file query20.cif (mmCIF, C-alpha atoms)
data_coords
loop_
_atom_site.label_atom_id
_atom_site.label_comp_id
_atom_site.auth_asym_id
_atom_site.auth_seq_id
_atom_site.Cartn_x
_atom_site.Cartn_y
_atom_site.Cartn_z
CA MET A 1 -63.74 -9.75 -5.08
CA MET A 2 -64.72 -13.36 -5.56
CA ASP A 3 -65.05 -16.42 -3.34
CA MET A 4 -65.26 -19.68 -5.27
CA HIS A 5 -65.25 -22.13 -2.33
CA VAL A 6 -68.29 -21.95 -0.07
CA HIS A 7 -70.21 -24.68 1.78
CA THR A 8 -73.60 -24.78 3.50
CA TYR A 9 -75.43 -26.77 6.16
CA ARG A 10 -76.13 -29.45 3.57
CA CYS A 11 -72.63 -30.88 3.97
CA LYS A 12 -73.51 -31.79 7.59
CA HIS A 13 -70.42 -30.07 9.04
CA ALA A 14 -71.12 -26.42 8.18
CA LYS A 15 -73.73 -23.91 9.27
CA GLY A 16 -75.85 -21.52 7.26
CA THR A 17 -78.06 -21.91 4.22
CA ALA A 18 -76.94 -21.00 0.70
CA GLU A 19 -78.90 -17.77 1.03
CA ASP A 20 -77.13 -16.99 4.33
CA MET A 21 -73.85 -17.32 2.45
CA VAL A 22 -75.02 -15.08 -0.38
CA LYS A 23 -76.17 -12.41 2.07
CA ALA A 24 -72.84 -12.54 3.91
CA ALA A 25 -71.00 -12.14 0.61
CA LEU A 26 -73.15 -9.12 -0.24
CA GLN A 27 -72.31 -7.53 3.10
CA LYS A 28 -68.61 -8.00 2.37
CA LYS A 29 -68.99 -6.49 -1.11
CA ILE A 30 -68.02 -9.71 -2.86
CA ALA A 31 -69.12 -9.58 -6.48
CA CYS A 32 -69.15 -13.32 -7.24
CA ILE A 33 -69.78 -16.24 -4.90
CA GLY A 34 -69.38 -19.88 -5.86
CA ILE A 35 -71.33 -22.45 -3.88
CA ASN A 36 -69.36 -25.65 -4.41
CA GLU A 37 -70.99 -27.92 -1.87
CA HIS A 38 -69.45 -31.33 -1.22
CA PHE A 39 -70.78 -33.76 -3.82
CA PRO A 40 -72.30 -36.94 -2.32
CA MET A 41 -69.58 -39.29 -1.08
CA THR A 42 -71.24 -42.60 -0.33
CA TYR A 43 -68.83 -44.28 -2.76
CA LEU A 44 -65.99 -43.78 -0.26
CA PRO A 45 -64.90 -46.85 1.73
CA ASP A 46 -65.55 -47.76 5.35
CA PRO A 47 -64.67 -46.52 7.94
CA VAL A 48 -64.93 -43.04 6.35
CA PRO A 49 -68.01 -41.37 7.93
CA VAL A 50 -69.45 -40.17 4.63
CA HIS A 51 -72.72 -38.96 6.14
CA ASP A 52 -70.74 -36.49 8.26
CA TYR A 53 -69.17 -34.98 5.16
CA ALA A 54 -71.83 -34.56 2.50
CA MET A 55 -75.48 -34.77 1.51
CA ASP A 56 -76.98 -37.87 -0.06
CA LEU A 57 -77.35 -38.08 -3.82
CA ASN A 58 -81.15 -37.73 -3.70
CA GLU A 59 -80.74 -34.33 -2.00
CA PHE A 60 -78.46 -32.89 -4.66
CA PRO A 61 -81.21 -31.90 -7.19
CA VAL A 62 -83.00 -29.98 -4.42
CA HIS A 63 -79.76 -28.19 -3.62
CA LEU A 64 -79.26 -27.24 -7.28
CA LYS A 65 -82.82 -25.92 -7.54
CA GLU A 66 -82.21 -23.73 -4.51
CA LEU A 67 -79.05 -22.28 -6.06
CA LYS A 68 -80.81 -21.50 -9.33
CA THR A 69 -83.53 -19.68 -7.38
CA LEU A 70 -80.85 -17.60 -5.65
CA GLN A 71 -79.23 -16.77 -8.99
CA LYS A 72 -82.50 -15.21 -10.13
CA LYS A 73 -83.35 -13.56 -6.83
CA TYR A 74 -80.00 -11.79 -6.49
CA ARG A 75 -79.33 -11.07 -10.16
CA GLY A 76 -77.86 -7.61 -10.50
CA GLN A 77 -76.61 -7.66 -6.90
CA ILE A 78 -74.18 -10.59 -6.91
CA ASP A 79 -73.23 -13.39 -9.29
CA VAL A 80 -74.01 -16.80 -7.82
CA ARG A 81 -72.03 -19.58 -9.49
CA ILE A 82 -72.85 -23.27 -9.12
CA GLY A 83 -70.08 -25.73 -8.43
CA ALA A 84 -69.38 -28.90 -6.52
CA GLU A 85 -66.38 -30.17 -4.61
CA VAL A 86 -65.97 -33.76 -5.72
CA ASP A 87 -63.91 -36.21 -3.70
CA TYR A 88 -61.70 -38.16 -6.05
CA TYR A 89 -61.35 -41.82 -5.09
CA GLU A 90 -59.77 -43.94 -7.79
CA PRO A 91 -61.66 -47.23 -7.17
CA ALA A 92 -64.96 -45.35 -7.55
CA ILE A 93 -64.15 -43.27 -10.63
CA ASN A 94 -66.87 -44.93 -12.73
CA THR A 95 -69.46 -44.21 -10.03
CA ILE A 96 -68.28 -40.61 -9.70
CA THR A 97 -68.54 -40.06 -13.46
CA GLN A 98 -71.98 -41.67 -13.58
CA TRP A 99 -73.31 -39.61 -10.67
CA LEU A 100 -72.02 -36.32 -12.12
CA GLU A 101 -73.42 -36.90 -15.59
CA PRO A 102 -77.07 -35.79 -14.99
CA PHE A 103 -75.87 -32.45 -13.58
CA GLN A 104 -73.09 -31.53 -16.01
CA THR A 105 -75.07 -28.74 -17.67
CA ASP A 106 -75.86 -27.23 -14.26
CA PHE A 107 -72.27 -26.69 -13.17
CA ASP A 108 -70.21 -23.57 -13.68
CA TYR A 109 -67.17 -25.41 -12.35
CA LEU A 110 -66.06 -28.54 -10.50
CA TYR A 111 -63.41 -28.87 -7.83
CA GLY A 112 -61.41 -32.07 -7.69
CA SER A 113 -60.23 -32.72 -4.14
CA VAL A 114 -58.58 -35.59 -2.33
CA HIS A 115 -59.35 -36.24 1.33
CA VAL A 116 -59.11 -40.06 1.36
CA VAL A 117 -55.95 -41.79 0.15
CA THR A 118 -56.68 -45.34 1.36
CA ASN A 119 -59.61 -45.77 3.71
CA TRP A 120 -59.34 -42.76 6.03
CA ALA A 121 -59.67 -38.99 5.72
CA ILE A 122 -56.33 -37.26 6.19
CA ASP A 123 -57.95 -33.98 7.29
CA ASP A 124 -60.33 -35.45 9.91
CA ASP A 125 -59.02 -35.35 13.49
CA LYS A 126 -60.88 -38.60 14.19
CA PHE A 127 -58.13 -40.30 12.18
CA LEU A 128 -55.10 -38.56 13.69
CA ASN A 129 -53.80 -41.88 15.03
CA ARG A 130 -53.45 -43.15 11.46
CA TRP A 131 -50.73 -40.58 10.78
CA ASP A 132 -48.50 -42.30 13.32
CA GLN A 133 -49.39 -45.75 12.01
CA VAL A 134 -48.75 -44.93 8.35
CA GLY A 135 -46.03 -42.29 8.71
CA VAL A 136 -46.10 -38.66 7.66
CA ASP A 137 -43.84 -39.07 4.64
CA ALA A 138 -45.86 -42.05 3.39
CA VAL A 139 -49.14 -40.11 3.67
CA TYR A 140 -47.73 -37.20 1.66
CA SER A 141 -46.34 -39.57 -0.95
CA MET A 142 -49.65 -41.37 -1.43
CA TYR A 143 -51.58 -38.10 -1.41
CA TYR A 144 -49.59 -36.48 -4.23
CA GLU A 145 -49.75 -39.67 -6.28
CA VAL A 146 -53.55 -39.72 -5.97
CA LEU A 147 -53.78 -35.99 -6.68
CA ALA A 148 -51.89 -36.44 -9.96
CA LYS A 149 -54.27 -39.23 -10.95
CA MET A 150 -57.22 -36.95 -10.15
CA ALA A 151 -55.90 -34.26 -12.49
CA LYS A 152 -55.32 -36.78 -15.25
CA THR A 153 -59.03 -37.70 -15.32
CA ARG A 154 -59.74 -34.21 -16.77
CA LEU A 155 -63.12 -34.26 -15.05
CA PHE A 156 -62.49 -31.15 -12.98
CA ASN A 157 -61.72 -27.45 -13.38
CA VAL A 158 -59.95 -26.71 -10.10
CA VAL A 159 -57.66 -28.64 -7.77
CA GLY A 160 -58.73 -27.90 -4.21
CA HIS A 161 -56.41 -27.18 -1.26
CA LEU A 162 -53.42 -28.73 -3.02
CA ASP A 163 -51.22 -29.35 0.03
CA LEU A 164 -54.02 -30.41 2.38
CA PRO A 165 -51.91 -32.95 4.36
CA LYS A 166 -50.23 -30.09 6.23
CA LYS A 167 -53.52 -29.15 7.96
CA PHE A 168 -52.55 -30.59 11.37
CA LYS A 169 -48.97 -29.32 11.02
CA LYS A 170 -47.77 -32.76 10.00
CA ILE A 171 -44.63 -31.75 8.11
CA PRO A 172 -42.72 -34.28 5.98
CA THR A 173 -39.04 -34.96 6.55
CA ILE A 174 -38.21 -35.32 2.84
CA ASP A 175 -38.51 -33.04 -0.18
CA PHE A 176 -41.69 -33.58 -2.22
CA ASP A 177 -40.98 -31.00 -4.92
CA GLY A 178 -40.61 -33.74 -7.52
CA LYS A 179 -44.03 -35.20 -6.82
CA ILE A 180 -45.59 -31.75 -6.52
CA SER A 181 -44.11 -30.85 -9.90
CA THR A 182 -45.67 -34.01 -11.36
CA VAL A 183 -49.04 -32.96 -9.94
CA LEU A 184 -48.71 -29.48 -11.38
CA ASP A 185 -47.73 -30.81 -14.79
CA ALA A 186 -50.90 -32.94 -14.78
CA VAL A 187 -52.94 -29.92 -13.66
CA LYS A 188 -51.55 -27.80 -16.49
CA ALA A 189 -52.10 -30.55 -19.08
CA ALA A 190 -55.73 -30.80 -17.96
CA HIS A 191 -56.19 -26.99 -18.24
CA MET A 192 -57.11 -26.88 -14.56
CA VAL A 193 -56.38 -24.06 -12.15
CA VAL A 194 -55.07 -24.26 -8.60
CA GLU A 195 -57.18 -22.97 -5.75
CA VAL A 196 -55.66 -20.53 -3.28
CA ASN A 197 -57.57 -21.56 -0.18
CA THR A 198 -57.44 -19.36 2.92
CA ALA A 199 -58.93 -22.00 5.25
CA GLY A 200 -55.43 -23.17 6.12
CA LEU A 201 -54.99 -19.93 8.05
CA ARG A 202 -57.79 -21.11 10.34
CA LYS A 203 -56.22 -24.54 10.89
CA PRO A 204 -53.28 -25.67 13.10
CA VAL A 205 -50.79 -25.12 10.25
CA LYS A 206 -51.74 -21.40 10.03
CA GLU A 207 -50.84 -21.19 6.35
CA ILE A 208 -52.84 -20.89 3.15
CA TYR A 209 -53.22 -23.86 0.82
CA PRO A 210 -50.98 -24.18 -1.10
CA SER A 211 -47.79 -22.74 0.35
CA ARG A 212 -46.01 -19.76 -1.14
CA HIS A 213 -43.37 -22.14 -2.51
CA ILE A 214 -45.96 -24.17 -4.40
CA LEU A 215 -47.61 -21.00 -5.68
CA GLU A 216 -44.24 -19.89 -7.02
CA MET A 217 -43.98 -23.26 -8.78
CA CYS A 218 -47.46 -22.65 -10.26
CA LEU A 219 -46.43 -19.25 -11.58
CA GLU A 220 -43.24 -20.65 -13.09
CA LYS A 221 -45.26 -23.33 -14.91
CA GLY A 222 -47.88 -20.84 -16.10
CA ILE A 223 -50.69 -22.34 -14.00
CA LYS A 224 -53.55 -20.01 -13.16
CA VAL A 225 -55.18 -19.67 -9.74
CA THR A 226 -58.58 -19.02 -8.25
CA LEU A 227 -59.50 -17.87 -4.75
CA GLY A 228 -61.68 -19.52 -2.10
CA SER A 229 -62.28 -19.22 1.62
CA ASP A 230 -63.58 -22.79 2.06
CA ALA A 231 -66.20 -21.09 4.24
CA HIS A 232 -68.25 -23.39 6.45
CA ALA A 233 -70.10 -20.48 8.09
CA PRO A 234 -71.27 -17.07 6.85
CA GLU A 235 -68.63 -15.20 8.85
CA GLU A 236 -65.86 -17.09 7.02
CA ILE A 237 -66.82 -15.75 3.59
CA GLY A 238 -63.86 -13.87 2.08
CA TYR A 239 -61.63 -14.84 5.00
CA ALA A 240 -58.18 -13.14 4.87
CA PHE A 241 -58.63 -12.23 1.21
CA ASP A 242 -56.89 -8.84 1.38
CA GLU A 243 -53.63 -10.28 2.69
CA THR A 244 -53.88 -13.26 0.34
CA ARG A 245 -54.38 -11.10 -2.73
CA ALA A 246 -51.40 -9.01 -1.61
CA LEU A 247 -49.32 -12.19 -1.36
CA LEU A 248 -50.36 -13.32 -4.84
CA LYS A 249 -49.39 -9.94 -6.29
CA GLU A 250 -46.06 -10.10 -4.48
CA ILE A 251 -45.38 -13.53 -5.99
CA GLY A 252 -46.18 -12.17 -9.44
CA PHE A 253 -49.74 -13.21 -10.27
CA LYS A 254 -51.72 -10.65 -12.27
CA THR A 255 -55.13 -12.32 -12.52
CA LEU A 256 -57.49 -14.74 -10.83
CA VAL A 257 -59.88 -17.12 -12.57
CA LEU A 258 -63.59 -17.58 -12.02
CA PHE A 259 -65.84 -19.86 -14.05
CA LYS A 260 -69.06 -19.70 -15.98
CA LYS A 261 -70.44 -22.88 -17.53
CA ARG A 262 -67.03 -24.55 -17.20
CA MET A 263 -65.24 -21.74 -19.05
CA GLN A 264 -62.40 -19.82 -17.42
CA VAL A 265 -63.03 -16.11 -16.94
CA PRO A 266 -59.92 -14.09 -15.95
CA VAL A 267 -60.34 -11.19 -13.55
CA LYS A 268 -57.70 -8.65 -12.60
CA LEU A 269 -56.07 -9.33 -9.26
#
call {"tool": "encode", "arguments": {"input": "query20.cif", "output": "structure tokens"}}
result
Amino acid sequence: MMDMHVHTYRCKHAKGTAEDMVKAALQKKIACIGINEHFPMTYLPDPVPVHDYAMDLNEFPVHLKELKTLQKKYRGQIDVRIGAEVDYYEPAINTITQWLEPFQTDFDYLYGSVHVVTNWAIDDDKFLNRWDQVGVDAVYSMYYEVLAKMAKTRLFNVVGHLDLPKKFKKIPTIDFDGKISTVLDAVKAAHMVVEVNTAGLRKPVKEIYPSRHILEMCLEKGIKVTLGSDAHAPEEIGYAFDETRALLKEIGFKTLVLFKKRMQVPVKL
């Protein structure tokens, strides 16, 4: 078993140290854990409360040092992989690239995620009123357009929680298969994989990210997948993995992907 999407207290909205997460993974007999903490986000626009979402940039080297210590301490017991979940925001792409550069040799993989499409976070309940102001269909439309642009940068290895806008059970009234297909084509062209994220089962929508339908589209296009719990507490490590792996097999997937030094490593599902 593997869990490629794990956060710690450093993101300001999770609990547990990196070592707490590693110990929890060991208890659940997970062979490989990926700590992909939220990369610093101070490039995002106001009124996004960036300090509620991620550590500051000057803290990131300390975080990396801690993860490298854990890799050595638990070698032979569990593989600890180093990642980061990077918030893609088009106006700040030069800043994002510049900030990532000093750490590129440290990463095993990078998630590209989109939480902010204009100047508010679509998955933060503090901004729920914006859904009514903007309109559900408009939010989905903007989100998938930004997600495609993220993939086209080719900066990242994984697209995180691909259909995130459904978190609060805000369901569009029109078909977005065309835009989703455009996103997936960009993902495939960039040699990225799609994350199967079980956190959606813990949210109001009560469904994994992405939906079965989107996963079927991934399989049809030959896009590979990885698996993450998006854990924000030790008890969430490996959340609902048995049923999710069964679903993936039922759809037709044979393997999952983990990463080592930005290279894809297939593992049997």
call {"tool": "residues_around", "arguments": {"input": "query20.cif", "residues": "Lys166 (chain A)", "least_positions_apart": "6", "cutoff": "10 Å", "atoms": "only C-alpha atoms", "output": "list in words"}}
result
Ile122, Asp123, Val136, Tyr140, Pro172, Gly200, Lys203, Pro204, Val205, Lys206, Glu207, Tyr209, Pro210 and Ser211 of chain A
call {"tool": "resolve_selection", "arguments": {"input": "query20.cif", "expression": "the PyMOL selection byres ((chain A and resi 176) around 12)", "output": "short mmCIF file (atom, residue, chain, number, x, y, z; two decimals) with C-alpha atoms, keeping the file's coordinate frame"}}
result
data_model
loop_
_atom_site.label_atom_id
_atom_site.label_comp_id
_atom_site.auth_asym_id
_atom_site.auth_seq_id
_atom_site.Cartn_x
_atom_site.Cartn_y
_atom_site.Cartn_z
CA VAL A 136 -46.10 -38.66 7.66
CA ASP A 137 -43.84 -39.07 4.64
CA ALA A 138 -45.86 -42.05 3.39
CA VAL A 139 -49.14 -40.11 3.67
CA TYR A 140 -47.73 -37.20 1.66
CA SER A 141 -46.34 -39.57 -0.95
CA MET A 142 -49.65 -41.37 -1.43
CA TYR A 143 -51.58 -38.10 -1.41
CA TYR A 144 -49.59 -36.48 -4.23
CA GLU A 145 -49.75 -39.67 -6.28
CA ASP A 163 -51.22 -29.35 0.03
CA ILE A 171 -44.63 -31.75 8.11
CA PRO A 172 -42.72 -34.28 5.98
CA THR A 173 -39.04 -34.96 6.55
CA ILE A 174 -38.21 -35.32 2.84
CA ASP A 175 -38.51 -33.04 -0.18
CA ASP A 177 -40.98 -31.00 -4.92
CA GLY A 178 -40.61 -33.74 -7.52
CA LYS A 179 -44.03 -35.20 -6.82
CA ILE A 180 -45.59 -31.75 -6.52
CA SER A 181 -44.11 -30.85 -9.90
CA THR A 182 -45.67 -34.01 -11.36
CA VAL A 183 -49.04 -32.96 -9.94
CA HIS A 213 -43.37 -22.14 -2.51
CA ILE A 214 -45.96 -24.17 -4.40
#
call {"tool": "resolve_selection", "arguments": {"input": "query20.cif", "expression": "the PyMOL selection byres ((chain A and resi 239-254) around 6)", "output": "PyMOL selection string"}}
result
chain A and resi 229+236-238+255+269
call {"tool": "atom_distance", "arguments": {"input": "query20.cif", "atom1": "CA of Val193 (chain A)", "atom2": "CA of Ser113 (chain A)"}}
result
12.4 Å
call {"tool": "residues_around", "arguments": {"input": "query20.cif", "residues": "region 57-68 of chain A", "least_positions_apart": "5", "cutoff": "9 Å", "atoms": "all atoms listed in the file", "output": "list of chain:residue names"}}
result
A:Arg10, A:Ala18, A:Glu19, A:Ile35, A:Glu37, A:Phe39, A:Pro40, A:Met41, A:Thr42, A:Lys73, A:Val80, A:Arg81, A:Ile82, A:Trp99, A:Phe103, A:Asp106
call {"tool": "atom_distance", "arguments": {"input": "query20.cif", "atom1": "CA of Thr8 (chain A)", "atom2": "CA of Gly83 (chain A)"}}
result
12.5 Å
call {"tool": "residues_near_point", "arguments": {"input": "query20.cif", "point": "(-58.6, -10.8, -13.8)", "cutoff": "9 Å", "atoms": "all atoms listed in the file", "output": "PyMOL selection string"}}
result
chain A and resi 254-258+265-269
call {"tool": "resolve_selection", "arguments": {"input": "query20.cif", "expression": "the PyMOL selection byres ((chain A and resi 188) around 12)", "output": "ChimeraX atom specification"}}
result
/A:148,151-152,154,156-159,181-187,189-194,217-225
call {"tool": "atom_distance", "arguments": {"input": "query20.cif", "atom1": "CA of Leu227 (chain A)", "atom2": "CA of Met55 (chain A)"}}
result
24.1 Å
call {"tool": "build_atoms", "arguments": {"input": "query20.cif", "residues": "region 199-222 of chain A", "atoms": "N, CA and C atoms", "output": "CSV table (one decimal), in the frame of the given file"}}
result
chain,number,residue,atom,x,y,z
A,199,ALA,N,-58.5,-21.2,4.1
A,199,ALA,CA,-58.9,-22.0,5.2
A,199,ALA,C,-57.7,-22.5,6.1
A,200,GLY,N,-56.6,-22.7,5.4
A,200,GLY,CA,-55.4,-23.2,6.1
A,200,GLY,C,-55.0,-22.2,7.2
A,201,LEU,N,-55.3,-20.9,7.0
A,201,LEU,CA,-55.0,-19.9,8.0
A,201,LEU,C,-55.8,-20.1,9.3
A,202,ARG,N,-56.9,-20.8,9.2
A,202,ARG,CA,-57.8,-21.1,10.3
A,202,ARG,C,-57.5,-22.5,11.0
A,203,LYS,N,-56.5,-23.2,10.4
A,203,LYS,CA,-56.2,-24.5,10.9
A,203,LYS,C,-54.9,-24.5,11.7
A,204,PRO,N,-54.5,-25.6,12.3
A,204,PRO,CA,-53.3,-25.7,13.1
A,204,PRO,C,-52.0,-25.2,12.3
A,205,VAL,N,-52.0,-25.5,11.0
A,205,VAL,CA,-50.8,-25.1,10.2
A,205,VAL,C,-50.6,-23.6,10.1
A,206,LYS,N,-51.8,-22.9,10.1
A,206,LYS,CA,-51.7,-21.4,10.0
A,206,LYS,C,-51.1,-20.9,8.7
A,207,GLU,N,-51.4,-21.6,7.6
A,207,GLU,CA,-50.8,-21.2,6.4
A,207,GLU,C,-51.9,-21.5,5.3
A,208,ILE,N,-51.9,-20.6,4.2
A,208,ILE,CA,-52.8,-20.9,3.2
A,208,ILE,C,-52.5,-22.2,2.4
A,209,TYR,N,-53.5,-22.8,1.7
A,209,TYR,CA,-53.2,-23.9,0.8
A,209,TYR,C,-53.2,-23.3,-0.6
A,210,PRO,N,-52.2,-23.6,-1.4
A,210,PRO,CA,-51.0,-24.2,-1.1
A,210,PRO,C,-50.0,-23.1,-0.6
A,211,SER,N,-48.8,-23.6,-0.2
A,211,SER,CA,-47.8,-22.7,0.4
A,211,SER,C,-47.3,-21.7,-0.7
A,212,ARG,N,-46.6,-20.7,-0.2
A,212,ARG,CA,-46.0,-19.8,-1.1
A,212,ARG,C,-45.1,-20.5,-2.1
A,213,HIS,N,-44.3,-21.4,-1.6
A,213,HIS,CA,-43.4,-22.1,-2.5
A,213,HIS,C,-44.1,-22.8,-3.7
A,214,ILE,N,-45.2,-23.5,-3.4
A,214,ILE,CA,-46.0,-24.2,-4.4
A,214,ILE,C,-46.6,-23.2,-5.3
A,215,LEU,N,-47.1,-22.0,-4.8
A,215,LEU,CA,-47.6,-21.0,-5.7
A,215,LEU,C,-46.5,-20.5,-6.6
A,216,GLU,N,-45.3,-20.3,-6.1
A,216,GLU,CA,-44.2,-19.9,-7.0
A,216,GLU,C,-44.0,-20.9,-8.1
A,217,MET,N,-44.1,-22.2,-7.8
A,217,MET,CA,-44.0,-23.3,-8.8
A,217,MET,C,-45.1,-23.2,-9.8
A,218,CYS,N,-46.3,-22.8,-9.3
A,218,CYS,CA,-47.5,-22.6,-10.3
A,218,CYS,C,-47.2,-21.5,-11.2
A,219,LEU,N,-46.7,-20.4,-10.7
A,219,LEU,CA,-46.4,-19.2,-11.6
A,219,LEU,C,-45.4,-19.6,-12.6
A,220,GLU,N,-44.3,-20.3,-12.2
A,220,GLU,CA,-43.2,-20.6,-13.1
A,220,GLU,C,-43.7,-21.6,-14.2
A,221,LYS,N,-44.7,-22.4,-13.9
A,221,LYS,CA,-45.3,-23.3,-14.9
A,221,LYS,C,-46.4,-22.7,-15.7
A,222,GLY,N,-46.8,-21.5,-15.4
A,222,GLY,CA,-47.9,-20.8,-16.1
A,222,GLY,C,-49.3,-21.4,-15.7
